[in-house]
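**Student:** Take a look at the following structure, please.
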Amino acid sequence: MRFFRRSKTFDHGIYPIEHKELTADKPIRRMPFAPELVIPLSQHKGKPAEPLVRVGQEVVRGEPIARADGFVSVPMHAPATGVVRAIGLAPSAEGPKVQAIYLKVYHAASQQVLYDMERDPERMAPDEIIAAVQESGLVGLGGGAFPSHVKMKPPAGRVIETLLVNGCECEPYLTCDHRIMLEHTDALIRGIRMALRATGAKRAIIGVEDNKLDAVAHLRARIPRHLPITAEAVRTKYPQGAEKMLIKSLLGLEVPAGGLTSDVGVAVFNVGTLAQIGDLLPKSRGLIERVVTVSGPAVANPGNFMVPIGTPLRFLLEQVGLRGEPGEVILGGPMMGMAVSSLDVPVTKAVSGVVALEPENPDLARRKVHPCIKCGECLNACPISLNPSMLGELALAREYGIMAEQFHLDQCFECGCCAYVCPSNIPLTQYFRIAKSLNRDKG
Amino acid sequence: MAELPNTQETLTPDTFLRGLWEENPVFVMLLGMCPVLAVTSTTMNALAMGLATTFVLVCSSLLVSLLRNWIPKQVRIASYIVIIATFVTIVDYSIQAISLELYAALGAFIQLIVANCVILGRAEAYASKQRLTTTFVNSLGMGAGFTLALLALGTVREILGNGTILGIHLFSPDFQPWVVMILPPGGFFVLGAWLLLFNWLRLRKERKQAEQIGVTAHAR
Amino acid sequence: MHAEPLSLIFLNAAIVNNFVLALFLGICPFLGVSGKRETAWNMGLATMFVMLVSSAAAFGINWLLTELDLLFLRLICYIAVIASAVQLVEMFVKRFSPALFRSLGIFLPLITTNCAILGLALFQTAKEYDFVQSLVYALGAGTGFTLALMLMAGLREKLALARVPSVSQGAAMSLMLAGLLSLAFMGFAGLGGGHG
Amino acid sequence: MATILTAVGFMAALGLILASMLVVANKRLYVYEDPRIDQVEDLLPKANCGACGTAGCRPFAEMLVNGEVEPGKCTANSKSMNQIIADFLGVDVGGGEQRVARLACAGGGNVAYVRATYSGIPSCRAAALVSGGGRGCSWGCLGFGDCEQVCDFGAIYMNPQGIPVVIEDKCTACGDCVTVCPKDLFSLHLASHRLWVACKNLEFGDQAEHHCEVACTACGRCAQDSPEGLIRIEDNLAIIDYAKNDIASKVAIERCPTGAILWLQQDGTVVKGRDARKVVRKGALPVA
Amino acid sequence: MEAQNQSRPAAATPTWAMLRTLGGIALLSGLLVALVYQVTLPIIAENQRVLTEKAVFRVLPQASLKRDFVLTKQGGLAPVGEGVDGEHVYGGYDAAGNLVGVAFTGVAVGYAGPIRVMFAYDPECRCLNGSKVLSSNETPGFGDKLDFDPEFLKNFEALDARLDAEGRALANPIVTVKHGTKNQPWEIDGISGATISSKAMGRAANAAAQRAVPAIERDLAWLKQQH
Amino acid sequence: MAKGIEIRTSPHLKRVMSVERIMRTVVLALLPICAFAVYQFGLSALLLLLTTTGVSILTEWFFSRRSGQGNTVSNWSVVITGLLLGLTLPPGFPLWMAAVAAFVGVGLGKSLFGGLGYNVMNPALVGRAFVQAAFPVAITTWTPAFAPGRFGELIPSTLTLPFMQPIPVDAWVAGLNMDAWTGATPLAIQKFQHIETPIADVFSGMVAGSAGETSAILILICGLWLAWQKMLDIRIPLSVLAGAVMVALPLWLMDSATYPSPWFVLCSGGLMLAAWFMASDMVASPVTARGAILYGLFIGALTVVIRLFGGLSEGVMYAVLLGNAVGPLISSWTQPRVYGVTRKSADKRDAA
Ligand SMILES: Cc1cc2nc3c(=O)[nH]c(=O)nc-3n(C[C@H](O)[C@H](O)[C@H](O)COP(=O)(O)O)c2cc1C
Ligand SMILES: Cc1cc2nc3c(=O)[nH]c(=O)nc-3n(C[C@H](O)[C@H](O)[C@H](O)COP(=O)(O)O)c2cc1C
Ligand SMILES: Cc1cc2nc3c(=O)[nH]c(=O)nc-3n(C[C@H](O)[C@H](O)[C@H](O)COP(=O)(O)O)c2cc1C
Ligand SMILES: Cc1cc2nc3c(=O)[nH]c(=O)nc-3n(C[C@H](O)[C@H](O)[C@H](O)CO)c2cc1C
Ligand code: SF4
Ligand code: SF4
Ligand code: SF4
Ligand code: SF4
Ligand code: FES
């Protein structure tokens with residue numbers, strides 16, 4: 001069968017409506033500065049950064065304002081020139097309030113980045129590149145927000161053979177990676193070369209879903225012949241962009257349960273991450289802005305924007321205009337993204353998209369939840385081949401231990417495919433989150 | 001080291017009544033199910049089986065209680081079983097002497113009284129610890145409870161499955177019997193239905209009680 | 001009847017006249033230990049083992065009693081020997097394989113007072129099976145018992161997660177399930193019998 | 001007659017053979033297991049709640065018989081039952097003072113603001129995972145009653161404002177509510193701890209009050225009024241040092257402006273300070 | 001753990017008590033059962049006789065006396081007595097001592113297990129002229145018909161059981177045919193809706209008749225004298 | 001009142017499919033089969049279908065009320081149960097017995113265990129099996145198809161008084177003067193007389209039998225349409241049919257005089273209807289993909305075994321029920337292999 005398929009892919013998965021046409025051909029535009037930026041000290045997985053500034057201190061755009069606290073941590077840089085109004089609690093997308101630096105932006109000041117120091121990455125040793133990546137404050141921009149430099153250094157005994165560049169962007173609505181591949185092609189290629197050197201990988205494959213064949217063609221045209229970099233189209237299917245799926249699709253390998261991608265000799269980076277590396281490292285700058293797709297049925301003028309880190313959502317949405325009251329505002333895509341409980345939440349390094357849905361989301365509201373009718377749709381959708389039907393029943397009976405011990409709950413990466421297909425409308429993924437969270441708490 | 005609290009029971013009406021309801025061997029303890037299901041396709045069989053079982057139950061309990069201080073616990077099961085089997089054999093031959101037709105209808109289940117969990121269970125749990133009088137009354141109660149349960153099944157199954165009770169036709173000759181009731185599934189269904197009924201009554205009572213003391217049990 | 005082929009004896013005991021669902025033997029353990037597949041399986045194996053042992057023992061005793069012309073003692077002897085044998089096996093297992101005891105042994109005392117075992121001994125005598133036929137019959141009966149137990153356990157495990165109304169929870173539901181299984185097993189009636 | 005004699009003889013022989021087999025078996029195959037374990041297990045509540053710190057009642061019974069723990073460790077059992085076990089084993093009951101679960105929040109729907117409408121599984125754990133659950137105070141109780149449902153002893157009920165209330169007499173301190181609450185609002189305390197701060201909000205002053213009318217604003221009055229060291233303000237929250245519980249008195253609560261600090265009474269009722277703003281609203285606050 | 005175990009009392013095995021108790025109980029039990037057996041034996045035998053007699057008289061209504069015979073290995077009949085083994089055949093005689101018919105049993109597997117039937121043979125018409133089901137597991141509602149369905153019982157008013165020329169077997173084996181298609185005297189008209197049971201009935205009749213009728217016919221003269 | 005911003009868990013999108021929609025589509029697919037049943041057997045079949053469906057709905061309504069689940073009739077699943085039950089009964093089946101079947105099927109087969117999604121066996125077939133065991137004579141009384149005047153008069157047994165034995169139909173059938181009618185279905189004729197009804201007849205439905213089982217082609221079309229609509233797992237019907245052929249083909253090749261041809265096996269009796277509409281009921285079949293195939297093969301094979309070697313001429317009902325009974329076991333033995341979990345790594349985890 002595989003032989004007849006157009007593009008490579010993995011088993012199971014789903015085909016949600018994409019809605020990408022809203023923004024796919026909107027070039028990246030610059031978002032103005034909000035009057036006040038809120039920069040949480042923990043925008044990444046790992047230890048929060050430690051502030052380097054005092055209240056009342058003036059900072060210049062690009063200046064480090066917090067430093068990394070350990071290896072699995074990254075520094076923060078001032079996204080704008082202004083003054084530190086306060087250091088205190090700020091709302092976060094996850095819910096709990098977190099420490100953040102409130103930065104009052106000087107509107108009159110020049111917003112040129114002055115923290116520039118040209119260097120030639122081609123001459124840097126791998127370890128130097130890794131250190132430079134940490135200094136730049138880069139984290140995975142694909143949504144994981146895991147510090148990128150950590151991923152470049154595989155654990156002892158593991159060798160990275162292949163670098164996968166994740167340009168799938170399988171979430172509906174989102175197009176920022178697509179735009180990056182088209183508009184920041186050179187930076188991307190530069191970034192890939194640096195990552196290749198840093199990781200010691202022998203080749204890089206850019207995986208792009210086949211709904212973005214223009215990007216594939218564009219990349220193929222721009223990649224210099226001599227480089228071991230290829231661009232490959234993969235089937236447009238959610239969650240093609242999940243690293244485990246991409247590895248399966250492109251390399252036919254499976255990351256062992258509980259293991260890392262480096263166990264199969266692979267490191268996966270988002271195209272945005274690598275484009276930033278290509279941009280920032282030669283100038284030894286820090287990450288102060290990122291490309292964000294702002295879209296969704298409640299948005300009047302959807303588009304792709306270069307947004308300063310720390311911009312509150314309220315400001316962002318004002319800029320694009322809303323059609324009436326928004327219902328849900330989601331950070332990331334609608335399949336995996338988080339709804340926020342307050343528009344004061346800022347855009348962080350992890351935010352690849354802001355999707356505003358209309359009130360009473362017609363996909364969800366007022367649909368009755370029935371008991372599981374054992375239709376098996378979820379089994380056919382789960383890319384990990386779990387048994388969500390059984391897991392759901394167990395969750396309902398609060399058998400969380402059994403879920404983990406016998407039904408591999410820990411393997412679930414909460415992609416939401418099962419909940420998407422379930423005709424009984426059972427919030428399966430949410431049950432699994434509860435179960436995992438309780439299991440964690442019980443230790 | 002102190003002993004556990006003394007568990008010798010004093011004789012009260014409850015000693016007898018318990019077996020009928022609270023500790024009914026069939027409906028509550030789910031013991032001795034095989035004859036309950038197998039020989040209750042008619043009321044007559046149910047009654048005969050109930051009486052036979054009661055006889056064995058009472059006799060063997062008495063003997064066990066009598067001998068309770070002489071039977072070392074290492075051989076207690078074997079001893080009880082032999083005692084029970086003796087009485088069963090006696091019943092077996094007596095029924096053959098009374099009526100071979102009845103004997104044919106009860107089939108192997110007369111002999112299987114030996115393995116009826118109620119009897120050994122009572123010997124172990126009660127007779128081996130209690131005095132003769134209480135044992136007698138209690139086993140009589142248990143036997144009565146067992147017979148009651150058998151009759152509860154037997155009458156329903158006979159009426160529905162055959163249109164008769166004790167062989168007497170109840171309905172017009174055109175009555176359509178529900179054959180399933182005298183087949184194996186029918187046994188399960190009728191017993192299940194009785195238990196459903198009891199459950200329902202119990203739940204209703206509990207709800208009423210809860211309402212009386214003003215606590216509304218919240219739904220989980 | 002004597003020339004009944006072994007395969008038919010097995011099939012008959014295991015399925016067509018399933019001890020639990022068609023003959024009503026061994027109902028107590030069937031209802032009692034069919035809550036989980038694992039215990040059901042262990043119980044089934046333990047029962048099958050005891051059936052084989054008691055089938056052989058019963059065959060021997062029957063022979064002896066026939067020789068002595070004491071057939072009226074059959075029942076007492078069967079049950080006494082079976083009970084003692086089970087007790088011995090239990091002690092043996094407990095002593096030499098605590099692991100096995102934990103999975104199988106705890107069921108052994110339960111089995112002593114199980115109609116299916118005694119029923120097997122009585123039926124094999126009534127059907128006048130020879131030694132090999134008796135063993136095959138025991139094997140079939142044990143298989144059928146295990147099958148019934150496993151089916152029931154599968155269904156009950158499924159229902160353990162169901163939203164069963166409070167009236168039908170517990171024994172009532174088990175009995176209705178057993179009834180449904182028994183209803184389904186009626187489809188096997190007449191299988192292997194001579195027709196046409 | 002001959003039949004009777006053979007029968008008697010045969011049976012006697014059989015009985016003797018079986019008995020001797022059992023005798024041999026008992027001598028050779030005997031495995032000792034303390035019979036008291038079963039007896040003690042029968043006396044335990046069989047709730048398998050784990051409050052005693054073991055995996056369940058059976059292991060606890062084993063430890064009891066081995067003299068490794070005291071019966072009083074089982075908080076789910078009744079006192080008299082534990083006494084029976086203690087007498088049976090000839091040991092002390094032990095156990096010490098009763099502990100109960102205490103809730104560090106008083107923000108029911110009538111005083112705490114909701115900022116976003118959560119829809120989904122009605123469970124605190126679920127809601128907490130969706131951007132914290134939509135309450136203004138990100139530390140506060142979500143009111144879906146996971147704690148009520150997890151309590152096997154029926155010791156928690158949800159009051160009309162959606163705040164769990166612990167019935168001290170029923171609480172066995174099994175700790176299930178402590179684990180289940182996604183906001184970590186429950187903790188186990190000695191029943192004698194009567195002075196209590198029912199708030200976990202780490203914000204200061206108006207910011208805290210902006211989300212909840214009964215929040216601790218960290219004004220520090222309670223600390224000032226009470227004896228030195230009993231109460232301190234840490235991370236914008238009043239903290240009671242229960243090592244000094246002996247000197248705790250109602251003085252501490254009198255001037256609290258929001259009533260975040262309370263005096264819990266034996267009978268389960270709660271006393272608020274004189275200056276605490278009176279809460280008159282019964283219904284829920286509007287969403288905003 | 002080891003040390004603890006040893007300090008515990010070793011299992012006391014009350015050897016004598018065990019032997020005494022079990023032996024004693026077994027002995028008593030043997031005695032009791034043997035006594036009861038002795039007492040009931042004759043009653044049970046009598047019951048058995050009465051039961052068979054009832055069945056025989058049911059299929060041979062004119063008979064008032066029954067005598068038991070045994071089918072010998074040689075293919076003849078012999079009176080019941082010590083040392084003769086074999087299937088029983090019952091001769092029915094009227095008050096005057098005339099042979100009114102012979103009854104014998106047949107077995108065949110029906111829908112759910114064996115069906116045992118007693119048949120009556122009338123040497124005058126050389127046909128089967130009576131049947132009674134002794135035991136069957138047939139489904140109630142189906143099985144009853146074999147014994148009570150008047151239409152079906154008509155089959156056994158004169159079911160041809162003539163022997164062939166050699167006198168060793170039936171000239172025409174008895175068979176059951178589909179309901180409504182009977183057109184030979186040796187055919188049984190099946191019950192619609194209970195074909196399986198009625199076929200079993202046919203097989204039982206055929207098998208029994210094939211065995212018994214040749215013997216009866218051989219020793220008919222002798223049989224007639226045995227009142 | 002402003003509701004403020006809404007928060008939900010991801011995924012924030014959902015497929016349009018829903019239980020109601022699936023069930024409604026199945027009802028739609030059953031309607032042509034019902035129509036053919038009425039065309040073939042007349043008013044009696046119509047009344048039969050109305051009775052089973054009506055009583056099923058009432059039963060569901062009653063029990064869902066009582067158990068506090070709210071009204072579950074609106075999810076349409078019980079309509080399927082009712083229709084399918086009616087389709088599997090003989091056309092002249094007394095209505096009161098049909099009502100018993102529907103009540104038992106829905107009450108005992110479904111509501112008792114918690115309603116939709118929790119029934120362990122197919123409710124329609126539980127109802128049928130119950131009446132088959134309770135009223136074995138009535139349920140094996142067949143009447144001819146295309147009786148003249150079938151739209152004007154009822155089969156006499158249809159209106160039997162409750163709790164009474166069915167009114168005999170022999171006289172009525174005789175009065176119809178239908179020469180070819182033998183009072184048996186093709187299956188019975190094959191089983192007991194080894195005469196095969198022409199394939200064309202069983203395929204098109206020009207034969208007697210249960211109300212809705214006769215036309216294999218119509219059932220096939222409706223089933224395929226349903227599969228095309230993605231409302232049923234086509235693996236199950238296909239493997240049921242494959243299982244039947246697997247047993248029937250070798251036997252037929254060995255002895256075509258005694259054993260029916262695979263074509264006849266597929267097209268006769270209730271196999272087609274059961275394969276497409278009853279075995280495929282997802283609630284009582286294994287959820288796993290491999291499990292579904294095993295389950296189907298089991299049902300198909302068992303059907304033929306019961307038909308050819310058992311006491312009944314049709315075994316598909318019992319085969320499906322037994323398939324339902326082994327379903328949970330099959331399901332647990334065929335759990336899918338989880339991504340990244342190999343046998344070795346699973347063992348290691350268990351050991352740890
Ligand atoms: C369900 C799921 C879907 C994902 N989809 C994408 C995606 O479309 N694009 C992407 O870059 N990363 C996606 N990710 C994250 C990737 O798995 C991986 O973490 C990321 O590509 C690594 O790159 P980064 O660290 O540079 O972000 C997804 C993850 C999951 C679990
Ligand atoms: C539960 C059940 C029990 C049955 N029991 C019998 C029976 O005891 N005897 C019998 O001949 N047929 C019995 N049958 C019917 C047969 O399966 C079969 O349909 C019938 O014998 C065929 O006869 P016909 O061809 O005359 O219709 C039973 C059917 C069912 C469903
Ligand atoms: C889905 C379905 C299942 C059926 N199951 C059975 C069955 O298990 N047993 C049965 O006798 N008839 C069943 N029937 C009816 C038969 O197909 C057939 O008409 C009848 O059994 C043949 O008659 P007989 O058993 O009386 O000979 C079923 C019909 C359908 C549509
Ligand atoms: C393809 C398909 C087949 C179905 N078959 C049946 C059936 O045979 N019997 C039935 O009662 N319900 C059937 N249903 C409906 C539904 O699943 C049934 O009511 C549930 O079994 C009740 O829990 C079917 C539904 C679908 C989608
Ligand atoms: S959320 Fe988990 S269980 Fe559901 S499809 Fe995704 S990985 Fe599978
Ligand atoms: S998709 Fe939903 S209804 Fe279907 S099996 Fe999975 S959980 Fe059950
Ligand atoms: S205390 Fe915790 S678990 Fe209880 S209702 Fe409040 S948030 Fe939920
Ligand atoms: S007085 Fe009240 S508000 Fe002030 S610090 Fe103490 S508890 Fe908090
Ligand atoms: S009565 Fe048969 S096992 Fe209990």
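Going through the structure tokens in order, the chains are called A, B, and so on, while each chain numbers its residues from 1 and the ligands are numbered from 1 in the order shown.
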Any idea what's packed within 8 Å of region 209-218 of chain F, counting only C-alpha atoms, ignoring anything in its chain fewer than 6 positions away? Could you give it as a ChimeraX atom specification?

**Tutor:** /F:32-34,36-38,41,45,86-91,142-143,185-186,202-203,267-270,272-273

**Student:** Could you give me, as number ranges by chain, the residues within 6 Å of region 17-31 of chain C, counting only C-alpha atoms and dropping anything in the same chain fewer than 4 positions from it?

**Tutor:** B: 33-34, 38, 184; C: 12-13, 114-116, 144, 149, 182

**Student:** Could you pull the residues within 12 Å of Asn177 (chain F), counting only C-alpha atoms, minus those fewer than 4 positions along the same chain, as number ranges by chain?

**Tutor:** F: 144, 147-148, 170-173, 181-182

**Student:** Using C-alpha atoms, can you export the residues from the last selection as a PDB file, in the first residue's frame?

**Tutor:**
```pdb
ATOM      1  CA  PRO F 144     -45.708 -17.968   2.792  1.00  0.00           C
ATOM      2  CA  ALA F 147     -49.772 -14.307  -0.033  1.00  0.00           C
ATOM      3  CA  PRO F 148     -52.659 -12.911  -2.059  1.00  0.00           C
ATOM      4  CA  ASP F 170     -52.620 -24.194   8.790  1.00  0.00           C
ATOM      5  CA  ALA F 171     -56.180 -23.679   7.675  1.00  0.00           C
ATOM      6  CA  TRP F 172     -55.467 -20.146   6.586  1.00  0.00           C
ATOM      7  CA  VAL F 173     -52.424 -21.248   4.603  1.00  0.00           C
ATOM      8  CA  TRP F 181     -45.675 -23.847   0.024  1.00  0.00           C
ATOM      9  CA  THR F 182     -44.250 -26.546   2.314  1.00  0.00           C
TER      10      THR F 182
END
```

**Student:** Distance limit 8 Å, atoms considered: only C-alpha atoms. Which chain E residues sit that close to chain C? Return them as number ranges by chain.

**Tutor:** E: 30, 33-34, 37, 109-113, 196, 199-200

**Student:** Which residues are near ligand 4 - at most 7 Å, using only C-alpha atoms and all ligand atoms? Format: as a PyMOL selection string.

**Tutor:** chain F and resi 22-23+26+77-78+80-81+84+110+115-119+122-125+231-232+277-284

**Student:** Show which residues sit within 8 Å of Asp241 (chain D), as JSON, numbers by chain. Count only C-alpha atoms, and ignore same-chain residues fewer than 6 positions away.

**Tutor:** {"D": [229, 230, 231, 232]}

**Student:** Define the interface residues of chain D facing chain F as those within 8 Å, counting only C-alpha atoms, and report them as a PyMOL selection string.

**Tutor:** chain D and resi 115-120+129-131+133-134+286-288

**Student:** Got time to write the residues from that selection, N, CA, C and O atoms, as a PDB file, in the first residue's frame?

**Tutor:**
```pdb
ATOM      1  N   ARG D 115     -13.463  34.750  36.376  1.00  0.00           N
ATOM      2  CA  ARG D 115     -13.039  35.605  35.259  1.00  0.00           C
ATOM      3  C   ARG D 115     -13.323  34.968  33.905  1.00  0.00           C
ATOM      4  O   ARG D 115     -13.296  35.637  32.892  1.00  0.00           O
ATOM      5  N   ALA D 116     -13.476  33.661  33.887  1.00  0.00           N
ATOM      6  CA  ALA D 116     -13.737  33.004  32.611  1.00  0.00           C
ATOM      7  C   ALA D 116     -14.643  31.818  32.847  1.00  0.00           C
ATOM      8  O   ALA D 116     -14.579  31.192  33.896  1.00  0.00           O
ATOM      9  N   THR D 117     -15.514  31.541  31.869  1.00  0.00           N
ATOM     10  CA  THR D 117     -16.469  30.454  32.039  1.00  0.00           C
ATOM     11  C   THR D 117     -15.846  29.145  31.595  1.00  0.00           C
ATOM     12  O   THR D 117     -15.556  28.956  30.418  1.00  0.00           O
ATOM     13  N   TYR D 118     -15.654  28.253  32.535  1.00  0.00           N
ATOM     14  CA  TYR D 118     -15.090  26.956  32.189  1.00  0.00           C
ATOM     15  C   TYR D 118     -16.194  26.023  31.785  1.00  0.00           C
ATOM     16  O   TYR D 118     -17.225  25.938  32.444  1.00  0.00           O
ATOM     17  N   SER D 119     -16.020  25.318  30.672  1.00  0.00           N
ATOM     18  CA  SER D 119     -16.938  24.209  30.428  1.00  0.00           C
ATOM     19  C   SER D 119     -16.130  22.986  30.082  1.00  0.00           C
ATOM     20  O   SER D 119     -15.140  23.056  29.360  1.00  0.00           O
ATOM     21  N   GLY D 120     -16.575  21.885  30.601  1.00  0.00           N
ATOM     22  CA  GLY D 120     -15.845  20.635  30.446  1.00  0.00           C
ATOM     23  C   GLY D 120     -16.207  19.727  31.589  1.00  0.00           C
ATOM     24  O   GLY D 120     -17.225  19.943  32.247  1.00  0.00           O
ATOM     25  N   LEU D 129      -6.565  22.306  35.072  1.00  0.00           N
ATOM     26  CA  LEU D 129      -5.656  22.124  33.950  1.00  0.00           C
ATOM     27  C   LEU D 129      -6.016  22.999  32.774  1.00  0.00           C
ATOM     28  O   LEU D 129      -5.286  23.080  31.801  1.00  0.00           O
ATOM     29  N   VAL D 130      -7.204  23.616  32.816  1.00  0.00           N
ATOM     30  CA  VAL D 130      -7.583  24.512  31.739  1.00  0.00           C
ATOM     31  C   VAL D 130      -7.363  25.928  32.224  1.00  0.00           C
ATOM     32  O   VAL D 130      -8.241  26.552  32.809  1.00  0.00           O
ATOM     33  N   SER D 131      -6.174  26.388  32.024  1.00  0.00           N
ATOM     34  CA  SER D 131      -5.826  27.746  32.388  1.00  0.00           C
ATOM     35  C   SER D 131      -6.225  28.060  33.824  1.00  0.00           C
ATOM     36  O   SER D 131      -6.659  29.158  34.146  1.00  0.00           O
ATOM     37  N   GLY D 133      -8.670  27.207  35.607  1.00  0.00           N
ATOM     38  CA  GLY D 133     -10.051  26.991  35.990  1.00  0.00           C
ATOM     39  C   GLY D 133     -10.940  28.209  35.932  1.00  0.00           C
ATOM     40  O   GLY D 133     -12.125  28.117  36.180  1.00  0.00           O
ATOM     41  N   GLY D 134     -10.386  29.364  35.647  1.00  0.00           N
ATOM     42  CA  GLY D 134     -11.234  30.531  35.409  1.00  0.00           C
ATOM     43  C   GLY D 134     -11.539  31.374  36.621  1.00  0.00           C
ATOM     44  O   GLY D 134     -12.202  32.409  36.513  1.00  0.00           O
ATOM     45  N   PRO D 286     -21.250  37.921  39.567  1.00  0.00           N
ATOM     46  CA  PRO D 286     -21.300  37.850  38.105  1.00  0.00           C
ATOM     47  C   PRO D 286     -19.907  37.557  37.538  1.00  0.00           C
ATOM     48  O   PRO D 286     -18.897  37.857  38.168  1.00  0.00           O
ATOM     49  N   VAL D 287     -19.897  37.003  36.357  1.00  0.00           N
ATOM     50  CA  VAL D 287     -18.629  36.748  35.679  1.00  0.00           C
ATOM     51  C   VAL D 287     -18.137  38.043  35.071  1.00  0.00           C
ATOM     52  O   VAL D 287     -18.916  38.779  34.467  1.00  0.00           O
ATOM     53  N   ALA D 288     -16.902  38.394  35.278  1.00  0.00           N
ATOM     54  CA  ALA D 288     -16.348  39.572  34.626  1.00  0.00           C
ATOM     55  C   ALA D 288     -14.838  39.455  34.597  1.00  0.00           C
ATOM     56  O   ALA D 288     -14.244  38.960  35.515  1.00  0.00           O
TER      57      ALA D 288
END
```

**Student:** Just want the residues within 9 Å of ligand 6, written as JSON, numbers by chain, counting only C-alpha atoms and all ligand atoms.

**Tutor:** {"A": [370, 371, 372, 373, 374, 375, 376, 377, 378, 379, 380, 381, 387, 388, 389, 390, 391, 392, 393, 418, 419, 420, 421, 422, 423, 424, 425, 426, 427, 428], "F": [19, 117, 282, 283, 287]}

**Student:** Export, as an mmCIF file, in the first residue's frame, the selected residues with C-alpha atoms.

**Tutor:**
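Result file part.cif:
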```cif
data_model
loop_
_atom_site.group_PDB
_atom_site.id
_atom_site.type_symbol
_atom_site.label_atom_id
_atom_site.label_comp_id
_atom_site.auth_asym_id
_atom_site.auth_seq_id
_atom_site.Cartn_x
_atom_site.Cartn_y
_atom_site.Cartn_z
ATOM 1 C CA HIS A 370 -23.022 9.902 25.530
ATOM 2 C CA PRO A 371 -21.443 6.832 27.032
ATOM 3 C CA CYS A 372 -18.738 5.234 24.927
ATOM 4 C CA ILE A 373 -20.394 3.133 22.265
ATOM 5 C CA LYS A 374 -17.167 1.251 21.597
ATOM 6 C CA CYS A 375 -17.134 2.384 17.994
ATOM 7 C CA GLY A 376 -13.386 2.115 17.864
ATOM 8 C CA GLU A 377 -12.951 5.452 16.066
ATOM 9 C CA CYS A 378 -10.572 6.628 18.734
ATOM 10 C CA LEU A 379 -8.432 3.537 18.373
ATOM 11 C CA ASN A 380 -8.258 4.227 14.681
ATOM 12 C CA ALA A 381 -7.307 7.831 15.334
ATOM 13 C CA ASN A 387 -6.944 2.308 23.441
ATOM 14 C CA PRO A 388 -8.630 5.597 24.351
ATOM 15 C CA SER A 389 -12.007 3.914 24.653
ATOM 16 C CA MET A 390 -10.754 1.697 27.444
ATOM 17 C CA LEU A 391 -8.751 4.508 28.972
ATOM 18 C CA GLY A 392 -11.831 6.686 28.975
ATOM 19 C CA GLU A 393 -13.919 4.052 30.691
ATOM 20 C CA CYS A 418 -9.358 10.666 20.084
ATOM 21 C CA ALA A 419 -11.528 13.400 21.506
ATOM 22 C CA TYR A 420 -11.801 14.932 18.050
ATOM 23 C CA VAL A 421 -13.296 11.830 16.481
ATOM 24 C CA CYS A 422 -15.400 10.518 19.340
ATOM 25 C CA PRO A 423 -19.030 10.459 18.230
ATOM 26 C CA SER A 424 -20.107 10.225 21.836
ATOM 27 C CA ASN A 425 -18.366 13.509 22.416
ATOM 28 C CA ILE A 426 -16.424 12.163 25.384
ATOM 29 C CA PRO A 427 -13.680 14.579 26.475
ATOM 30 C CA LEU A 428 -11.160 11.766 26.346
ATOM 31 C CA VAL F 19 -24.040 9.189 18.065
ATOM 32 C CA GLY F 117 -22.986 1.603 25.360
ATOM 33 C CA MET F 282 -20.213 -1.652 17.805
ATOM 34 C CA VAL F 283 -21.352 -1.670 21.391
ATOM 35 C CA VAL F 287 -13.143 -2.280 19.726
#
```
